[in-house]
Amino acid sequence: MKKFSPAIKLAPHLQKAKKFTLRISDKTITKTEEAGNFLTDFADVILFLTRTVKETFTRDFEFKEFLRQCFQIGNKTLPLISVTGIIMGLVLTIQSRPSLAKFGADAMLPGMVAVSLIREMGPVITALLCAGKIGSGMGAELGSMKVTEQIEAMEVSSTNPMRFLVVTRVLAAMLMIPLLILYSDALGILGSWAGANIKGDVSFTLFFSQAFSHIEFIDFIPAFIKSIFFGLVIGLVGCYKGYNAGRGTESVGKAANSAVVLGSLLVLIVDVIAVQITDML
Amino acid sequence: MNDTQTAIISSIKTTIGKQVIEINNLRKSFGNQVVLNDVSLQLFNGENLVVLGKSGSGKSVLIKCIVGLLNFDSGTINVLGENVSKLDSDGLGELRKKIGFLFQSGALYDSMTVKQNLEFPLRRIRKNLTQKEIDEKIEEVLDNVGLLDALHKMPSQLSGGMRKRISLARTIVVDPLIMLYDEPTTGLDPVTSDEISLLINEIQKKYKTSSIIITHDIECARNTANRVIMLKDGEVFMEGDLKTFEKSDDVLIRSFFK
C-alpha cells in the first residue's frame, strides 16, 4: 500500500490557504486603491475650492447667473424640503411621545423636538436631501456641458467658465441651503404640532410657545454656520464632479452619482467637525 | 515641402495677403501618445485653409491648440502677431475675441434660447453695444444663416443642420477675424452639408475672415478650400491646392479623392 508523506497530505490545505491569502491580498489592494482614490478626490476638491475662491474675488461677478441659480436651487428643492420637513417633525413627535410619557415629561415634547430639529436633524437631513437633489443636478448639468463642448465654447467666447458656472452655483448653494434648512426646521415644528394633536389637543400658540421657550439664540448660530458649510461642500462637489467629467455620456451619470456620494459623505464629515467645535464652546 | 508646393504657397500669399496664423514645429502628446509631431503651417489673410486627415490624425487638437484650449509640448503658435503660449489668461481672452470657433457638436447652450445663445458672446465681447444694437446684430446674423424664425426656440427644438447654422451664427455675431471650423459638415445629410459649405464661403466674403476648416468630408473641402493640408499620424503629409491633391497617386490621398 502506498504511503503518503505528511507534505502531500497537507498540499490541498496549503492550496486553499494560498487562495485565501491571495483573495485577502487582492481585497486589500482594492480597498487601498479605493482609499487612495478618495484621498486624491479630496485633495482635488481642495484645489478646486482654491480656484473657486480666487475666481470669486475677481472682477466681473456674474450676478444675473447667480440669481438664476438661487431661483433654480430654491424653486426645484422647495416641494421636497416641505414634505420632508413636515414628516420629520411628525415622525419625531410620534416616536418620542411614548418614551417621554413614561417619565411624565409630555410637556417637554415641543421643546425636545424643536431643539433636535434646529440643532441637528433639520440641517443634516435637509443637507443630505440637497446633496441628492442639488449636487446631482449640478454634476449632471456641468458634466453634460463638458461632454457637449459647451464649457469650451464658453472659454472661446472670452468667458471664464469657472466664474460663470462654478462660482455662481457654489455661492447660490451657500446662500440657499441655509435658507432651505431654516424653512425645513419651521415646517418640522409645524409637523410636530400636527403629530402632537393626533393623540392630544394642544393649541398652536401653546405648542409654539413651549417649543421656543427651550430654544436659545445660541442654538441657531452653530446650526446656521454649519449649514453654510453644507452648502459649500454640496455646491463645490457637484460642480467639481461635473466640471471634471470625462468624455462620453456615461461620464455624465458617473459625475452625478459621485457628486451625491462624495457630497453626502462630506456633509456628514462637516457635521462631525461642527458638533465637536460646538461642544468645545 | 517640394518646389511646386512652395510655389503654390507663395502665389497664395501674394494673391491673398499676409499670414494671420503661423505654426512652427508644433508637438502635442497625451501621455505617451504623440498626437501632433513637428507640425508647421501658415494661414494667410482672407484664405480658407482646409485640413484633411483621418479620424485621430490630430486635426481637432491642432485648432484647440491654436485657440489655447489645449497646451502644447513644444513649438510656437503665432496668431495675429501674438505668441499663444506666452499669453496670460487676460491676453488669451483678448485674442479669443478675434477668433470664432465652430465646434463639431455645435456646443449650443442647452439652457438658453437661440437669442440668448447669440447674446451670450455679444454681451461679453462687444460690451459697448446697446440692447437695440444687440437685437439688430442678432437678427442680421440669423438672417444670414436663414433662420430668423428660430429666434425664440430652444436648441432641443432644432434639427442637426439648424443647430450647426445657429452655432455658426453665434460664432460670426462678434465679427471674428479668424474662423476655426471643427468638422462643420459631420453628421449632416449631403444637401445640408453643401448649404453649410456655401455658408462658410459667404461668411468668408461678407466678413472678410480667414479660416481653418477641419474636415474629412471631401465635398466640403472641394466647396471651400483655397489651400489644403493633409495630416497623417500627427504630421503634415502633404500641402497644396486641390488640383495637386487630385492628381496625387498616393494611396491615402486617393482614398479621400476617389
# chains A, B, ... in the order shown; residues from 1 in each chain; ligands from 1

call {"tool": "interface_residues", "arguments": {"of": "chain A", "to": "chain B", "cutoff": "6 Å", "atoms": "only C-alpha atoms", "output": "VMD selection string"}}
result
chain A and resid 148 to 150 156 to 158

call {"tool": "select_by_dssp", "arguments": {"residues": "stretch 131-200 of chain B", "states": "strand (DSSP E)", "output": "PyMOL selection string"}}
result
chain B and resi 178-182

call {"tool": "write_last_selection", "arguments": {"atoms": "N, CA and C atoms", "output": "PDB file, in the first residue's frame"}}
result
ATOM      1  N   ILE B 178     -10.676  85.599 -37.590  1.00  0.00           N
ATOM      2  CA  ILE B 178     -10.288  84.233 -37.978  1.00  0.00           C
ATOM      3  C   ILE B 178     -11.409  83.280 -37.584  1.00  0.00           C
ATOM      4  N   MET B 179     -11.719  82.334 -38.464  1.00  0.00           N
ATOM      5  CA  MET B 179     -12.721  81.316 -38.134  1.00  0.00           C
ATOM      6  C   MET B 179     -12.047  79.954 -38.105  1.00  0.00           C
ATOM      7  N   LEU B 180     -12.345  79.188 -37.057  1.00  0.00           N
ATOM      8  CA  LEU B 180     -11.842  77.815 -36.968  1.00  0.00           C
ATOM      9  C   LEU B 180     -13.053  76.885 -36.981  1.00  0.00           C
ATOM     10  N   TYR B 181     -13.158  76.066 -38.004  1.00  0.00           N
ATOM     11  CA  TYR B 181     -14.305  75.163 -38.131  1.00  0.00           C
ATOM     12  C   TYR B 181     -13.851  73.742 -37.807  1.00  0.00           C
ATOM     13  N   ASP B 182     -14.459  73.141 -36.781  1.00  0.00           N
ATOM     14  CA  ASP B 182     -14.123  71.758 -36.443  1.00  0.00           C
ATOM     15  C   ASP B 182     -15.201  70.837 -37.022  1.00  0.00           C
TER      16      ASP B 182
END

call {"tool": "closest_residue", "arguments": {"among": "A:Val83, A:Leu78, A:Ile273, A:Met162", "to": "A:Leu179", "atoms": "only C-alpha atoms"}}
result
A:Leu78

call {"tool": "residues_around", "arguments": {"residues": "B:Ser210", "least_positions_apart": "5", "cutoff": "7 Å", "atoms": "only C-alpha atoms", "output": "list in words"}}
result
Phe44, Asn45, Gly46, Glu47, Asn48, Leu177, Ile178, Met179 and Gln204 of chain B

call {"tool": "write_last_selection", "arguments": {"atoms": "N, CA and C atoms", "output": "PDB file, in the first residue's frame"}}
result
ATOM      1  N   PHE B  44      -3.058  82.391 -44.311  1.00  0.00           N
ATOM      2  CA  PHE B  44      -2.918  83.754 -44.836  1.00  0.00           C
ATOM      3  C   PHE B  44      -4.250  84.500 -44.761  1.00  0.00           C
ATOM      4  N   ASN B  45      -4.139  85.823 -44.740  1.00  0.00           N
ATOM      5  CA  ASN B  45      -5.325  86.669 -44.608  1.00  0.00           C
ATOM      6  C   ASN B  45      -6.316  86.434 -45.754  1.00  0.00           C
ATOM      7  N   GLY B  46      -7.569  86.191 -45.418  1.00  0.00           N
ATOM      8  CA  GLY B  46      -8.617  86.010 -46.430  1.00  0.00           C
ATOM      9  C   GLY B  46      -8.673  84.621 -47.042  1.00  0.00           C
ATOM     10  N   GLU B  47      -7.892  83.707 -46.514  1.00  0.00           N
ATOM     11  CA  GLU B  47      -7.779  82.370 -47.106  1.00  0.00           C
ATOM     12  C   GLU B  47      -8.645  81.348 -46.361  1.00  0.00           C
ATOM     13  N   ASN B  48      -9.146  80.354 -47.108  1.00  0.00           N
ATOM     14  CA  ASN B  48      -9.781  79.176 -46.497  1.00  0.00           C
ATOM     15  C   ASN B  48      -8.799  78.024 -46.586  1.00  0.00           C
ATOM     16  N   LEU B 177     -12.026  87.805 -36.821  1.00  0.00           N
ATOM     17  CA  LEU B 177     -11.110  87.942 -37.949  1.00  0.00           C
ATOM     18  C   LEU B 177     -10.724  86.572 -38.495  1.00  0.00           C
ATOM     19  N   ILE B 178     -10.676  85.599 -37.590  1.00  0.00           N
ATOM     20  CA  ILE B 178     -10.288  84.233 -37.978  1.00  0.00           C
ATOM     21  C   ILE B 178     -11.409  83.280 -37.584  1.00  0.00           C
ATOM     22  N   MET B 179     -11.719  82.334 -38.464  1.00  0.00           N
ATOM     23  CA  MET B 179     -12.721  81.316 -38.134  1.00  0.00           C
ATOM     24  C   MET B 179     -12.047  79.954 -38.105  1.00  0.00           C
ATOM     25  N   GLN B 204     -16.892  84.038 -45.438  1.00  0.00           N
ATOM     26  CA  GLN B 204     -15.538  84.480 -45.810  1.00  0.00           C
ATOM     27  C   GLN B 204     -15.600  85.774 -46.616  1.00  0.00           C
TER      28      GLN B 204
END

call {"tool": "residues_around", "arguments": {"residues": "stretch 203-219 of chain A", "least_positions_apart": "2", "cutoff": "7 Å", "atoms": "only C-alpha atoms", "output": "ChimeraX atom specification"}}
result
/A:110-111,114-115,119,193,201,221-223

call {"tool": "closest_residue", "arguments": {"among": "B:Asp88, B:Glu119, B:Glu183, B:Glu22", "to": "B:His216", "atoms": "only C-alpha atoms"}}
result
B:Glu183

call {"tool": "residues_around", "arguments": {"residues": "B:Lys59", "least_positions_apart": "2", "cutoff": "12 Å", "atoms": "only C-alpha atoms", "output": "number ranges by chain"}}
result
B: 28, 35-37, 39, 50-57, 61-66, 104, 180-183, 212-216, 229-236

call {"tool": "write_last_selection", "arguments": {"atoms": "C-alpha atoms", "output": "short mmCIF file (atom, residue, chain, number, x, y, z; two decimals), in the first residue's frame"}}
result
data_model
loop_
_atom_site.label_atom_id
_atom_site.label_comp_id
_atom_site.auth_asym_id
_atom_site.auth_seq_id
_atom_site.Cartn_x
_atom_site.Cartn_y
_atom_site.Cartn_z
CA LYS B 28 1.45 67.78 -28.69
CA VAL B 35 -0.84 63.42 -31.47
CA LEU B 36 0.95 66.22 -33.33
CA ASN B 37 4.60 65.94 -34.26
CA VAL B 39 3.59 70.41 -37.48
CA VAL B 50 -8.73 73.00 -45.30
CA VAL B 51 -7.00 70.50 -43.02
CA LEU B 52 -7.79 66.96 -44.13
CA GLY B 53 -6.99 63.76 -42.33
CA LYS B 54 -8.38 60.53 -40.98
CA SER B 55 -10.10 60.46 -37.59
CA GLY B 56 -7.48 60.57 -34.84
CA SER B 57 -4.87 62.27 -37.02
CA VAL B 61 -6.22 69.01 -31.39
CA LEU B 62 -4.45 71.36 -33.81
CA ILE B 63 -7.18 74.02 -33.74
CA LYS B 64 -7.71 73.62 -29.99
CA CYS B 65 -4.00 74.40 -29.55
CA ILE B 66 -4.38 77.48 -31.78
CA GLN B 104 -18.11 69.75 -34.04
CA LEU B 180 -11.84 77.81 -36.97
CA TYR B 181 -14.31 75.16 -38.13
CA ASP B 182 -14.12 71.76 -36.44
CA GLU B 183 -15.78 69.26 -38.79
CA ILE B 212 -9.09 76.87 -41.00
CA ILE B 213 -11.60 74.17 -41.84
CA ILE B 214 -11.00 70.79 -40.24
CA THR B 215 -12.79 68.07 -42.14
CA HIS B 216 -12.67 64.63 -43.69
CA ILE B 229 -3.09 70.38 -45.86
CA MET B 230 -3.26 66.69 -45.12
CA LEU B 231 -2.29 65.36 -41.71
CA LYS B 232 -1.19 61.78 -41.28
CA ASP B 233 -0.21 60.34 -37.89
CA GLY B 234 0.14 63.84 -36.47
CA GLU B 235 2.46 65.13 -39.19
CA VAL B 236 1.89 67.30 -42.27
#
